[in-house]
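J.: Structure below; questions to follow.
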Amino acid sequence: MNESAFDHYFKHIDDVEGWLSKTTAILSNRLMRHQSTGGLVGPICEIGIHHGKYFIALASELRRDEQAIAIDLFENQEENIDHSGMGDRHMFEGNVTKFLNPACVITLHANSTRLSPGAISKYGKIRFFSIDGGHTEAITANDLRLAERTIATGGIVALDDILHPSWTGVISGYVRYKREGGTLRPFALVPNKLFLTDGSSVASYRSFMRSEFPHLTDQQDREFIGDMVDVFRELLPARPRWTSRFKTKVRKRVKKIKRLMRH
Ligand SMILES: C[S@@+](CC[C@H](N)C(=O)[O-])C[C@H]1O[C@@H](n2cnc3c(N)ncnc32)[C@H](O)[C@@H]1O
């Protein structure tokens with residue numbers, strides 16, 4: 001049997017620097033497969049790319065005729081007001097070339113607070129939207145509104161770092177978004193991300209997750225800022241981040257030495 005693009009990427013996921021629980025990568029992938037089975041077609045989109053770790057996990061499940069939209073400040077890091085990660089276009093494009101068909105990737109070098117919904121929705125209604133850009137209250141609320149206005153019916157939004165103790169702007173932004181009338185509703189809290197969808201799709205995603213991953217959820221119907229969510233726990237141990245940074249450094253040195261030896 002042929003290895004899928006996601007399975008291939010998953011084998012090498014530790015080689016890409018970034019922030020992603022492997023359990024969450026798998027859960028996101030299974031949700032995307034479920035969308036495809038149900039006939040939902042459309043692009044994926046991420047705000048906040050860094051080197052593309054989660055973006056590639058999502059994009060590797062797309063069909064040939066679907067696109068992936070990558071939004072980041074990249075070299076405009078002076079606009080990264082809370083220093084959440086550091087987009088690097090060169091590293092991102094290298095990883096895209098390794099793991100995806102680059103032709104399916106649309107890169108928007110932009111500050112999400114200055115993007116209109118139309119700049120995203122012109123590529124089609126989004127079926128999976130990851131929010132992992134600026135982590136302040138105002139940026140999080142802005143990015144949630146962008147996602148709400150651009151997703152398809154049945155589209156999923158993944159909000160990163162919702163309960164991270166160092167990034168309190170994210171939960172503050174989520175509360176602000178809800179208070180201001182946001183219509184996205186959460187259905188699952190997974191390692192480091194909150195999954196949301198439109199009101200009419202919550203029940204079906206909740207029942208899919210319960211039936212597909214019963215071993216990962218022993219906490220169902222937990223209160224979450226005015227809604228109920230199921231909580232899914234970590235399945236796979238994370239590799240400490242320093243090991244992937246160390247590997248990247250060694251690889252860069254080896255490349256440099258090889259280059260010097262050629263001259
Ligand atoms: C935490 S990192 C993203 C991690 C990434 N999702 C991963 O899978 O590893 C945050 C990223 O958001 C970008 N960023 C920060 N503020 C932004 C903004 N206002 N608009 C667009 N991108 C932003 C940063 O350049 C950085 O690459």
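Just so we're on the same page: first chain in the structure tokens is A, next is B, and so on; residues restart at 1 for each chain, and ligands are numbered from 1 in the order they show up.
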What do you get as JSON, numbers by chain if you pick all residues at most 8 Å from ligand 1, counting only C-alpha atoms and all ligand atoms?

T.: {"A": [17, 18, 19, 20, 46, 47, 48, 49, 50, 51, 52, 53, 54, 55, 71, 72, 73, 74, 75, 76, 77, 79, 80, 81, 82, 83, 84, 85, 86, 87, 88, 109, 110, 111, 112, 113, 130, 131, 132, 133, 134, 135, 139]}

J.: Compile the contact shell of region 23-38 of chain A as a list in words: residues with an atom at most 8 Å away, counting only C-alpha atoms, same-chain residues fewer than 3 positions apart removed.

T.: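 That gives Phe6, Leu20, Val41, Tyr54, Ala57, Leu58, Glu61, Phe128, Gly154, Val190, Pro191, Asn192, Lys193, Glu234, Leu235 and Leu236 of chain A.
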
J.: Restricted to C-alpha atoms, what would the selected residues look like written as a PDB file, in the first residue's frame?

T.:
ATOM      1  CA  PHE A   6       0.870  12.826   5.721  1.00  0.00           C
ATOM      2  CA  LEU A  20       3.140  20.946  17.548  1.00  0.00           C
ATOM      3  CA  VAL A  41     -13.570  20.369  -0.449  1.00  0.00           C
ATOM      4  CA  TYR A  54       1.638  22.438  11.463  1.00  0.00           C
ATOM      5  CA  ALA A  57       0.749  18.505   8.547  1.00  0.00           C
ATOM      6  CA  LEU A  58      -2.527  20.039   7.325  1.00  0.00           C
ATOM      7  CA  GLU A  61      -3.800  15.797   3.532  1.00  0.00           C
ATOM      8  CA  PHE A 128      -9.326  23.951   8.052  1.00  0.00           C
ATOM      9  CA  GLY A 154     -18.299  22.397   8.466  1.00  0.00           C
ATOM     10  CA  VAL A 190      -6.763  18.829  22.258  1.00  0.00           C
ATOM     11  CA  PRO A 191      -3.114  19.136  23.296  1.00  0.00           C
ATOM     12  CA  ASN A 192      -2.336  22.856  22.992  1.00  0.00           C
ATOM     13  CA  LYS A 193      -5.229  23.753  20.683  1.00  0.00           C
ATOM     14  CA  GLU A 234      -1.665  13.617  24.859  1.00  0.00           C
ATOM     15  CA  LEU A 235      -0.974  10.187  23.422  1.00  0.00           C
ATOM     16  CA  LEU A 236       2.599  10.465  22.232  1.00  0.00           C
TER      17      LEU A 236
END

J.: For the atom pair CA of Arg222 (chain A) and CA of Thr136 (chain A), what is the interatomic distance in Å to one decimal place?

T.: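 According to the coordinates, CA of Arg222 (chain A) and CA of Thr136 (chain A) are separated by 25.3 Å.
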
J.: Find the distance between CA of Phe232 (chain A) and CA of Gln220 (chain A) and write it in Å to one decimal.

T.: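 Between CA of Phe232 (chain A) and CA of Gln220 (chain A) the gap is 8.7 Å.
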
J.: Give the answer as one residue: which of A:Asp15, A:Glu66, A:Asp218, A:Asp160 has the shortest atom-to-atom distance to Cys104 (chain A), using only C-alpha atoms?

T.: A:Glu66

J.: Can you tell me, as a list in words, what residues are no more than 9 Å from Val96 (chain A) when counting only C-alpha atoms, ignoring any on the same chain fewer than 6 positions away?

T.: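 Result of the neighbour search: Gly52, Ile56, Pro102 and Val105 of chain A.
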
J.: Please dump the current selection as a short mmCIF file (atom, residue, chain, number, x, y, z; two decimals), in the first residue's frame; keep C-alpha atoms.

T.:
data_model
loop_
_atom_site.label_atom_id
_atom_site.label_comp_id
_atom_site.auth_asym_id
_atom_site.auth_seq_id
_atom_site.Cartn_x
_atom_site.Cartn_y
_atom_site.Cartn_z
CA GLY A 52 5.71 25.28 8.54
CA ILE A 56 2.63 20.95 6.31
CA PRO A 102 4.90 23.68 -3.90
CA VAL A 105 0.91 26.63 -1.71
#

J.: As an NGL selection string, which residues of region 24-184 of chain A does DSSP assign to alpha helix (DSSP H)?

T.: :A and (24-37 or 53-59 or 89-99 or 117-121 or 137-150 or 168-179)

J.: So that I can see what lies close to Phe195 (chain A), please list as a ChimeraX atom specification the residues with an atom at most 9 Å from it, counting only C-alpha atoms and leaving out residues fewer than 2 positions away in the same chain.

T.: /A:156-159,185-190,193,197

J.: Would you output that residue set with C-alpha atoms, as an mmCIF file, in the first residue's frame?

T.:
data_model
loop_
_atom_site.group_PDB
_atom_site.id
_atom_site.type_symbol
_atom_site.label_atom_id
_atom_site.label_comp_id
_atom_site.auth_asym_id
_atom_site.auth_seq_id
_atom_site.Cartn_x
_atom_site.Cartn_y
_atom_site.Cartn_z
ATOM 1 C CA ILE A 156 -12.670 23.686 11.454
ATOM 2 C CA VAL A 157 -10.660 26.382 13.237
ATOM 3 C CA ALA A 158 -7.704 25.383 15.442
ATOM 4 C CA LEU A 159 -6.716 28.056 17.974
ATOM 5 C CA ARG A 185 -18.285 27.220 18.753
ATOM 6 C CA PRO A 186 -15.697 24.911 20.350
ATOM 7 C CA PHE A 187 -16.073 21.136 20.217
ATOM 8 C CA ALA A 188 -12.747 19.751 21.464
ATOM 9 C CA LEU A 189 -9.781 20.776 23.523
ATOM 10 C CA VAL A 190 -6.763 18.829 22.258
ATOM 11 C CA LYS A 193 -5.229 23.753 20.683
ATOM 12 C CA THR A 197 -16.564 25.120 14.043
#

J.: Rounded to one decimal place, report the CA of Arg149 (chain A)-CA of Ser60 (chain A) distance in Å.

T.: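 Separating CA of Arg149 (chain A) from CA of Ser60 (chain A) is a distance of 24.1 Å.
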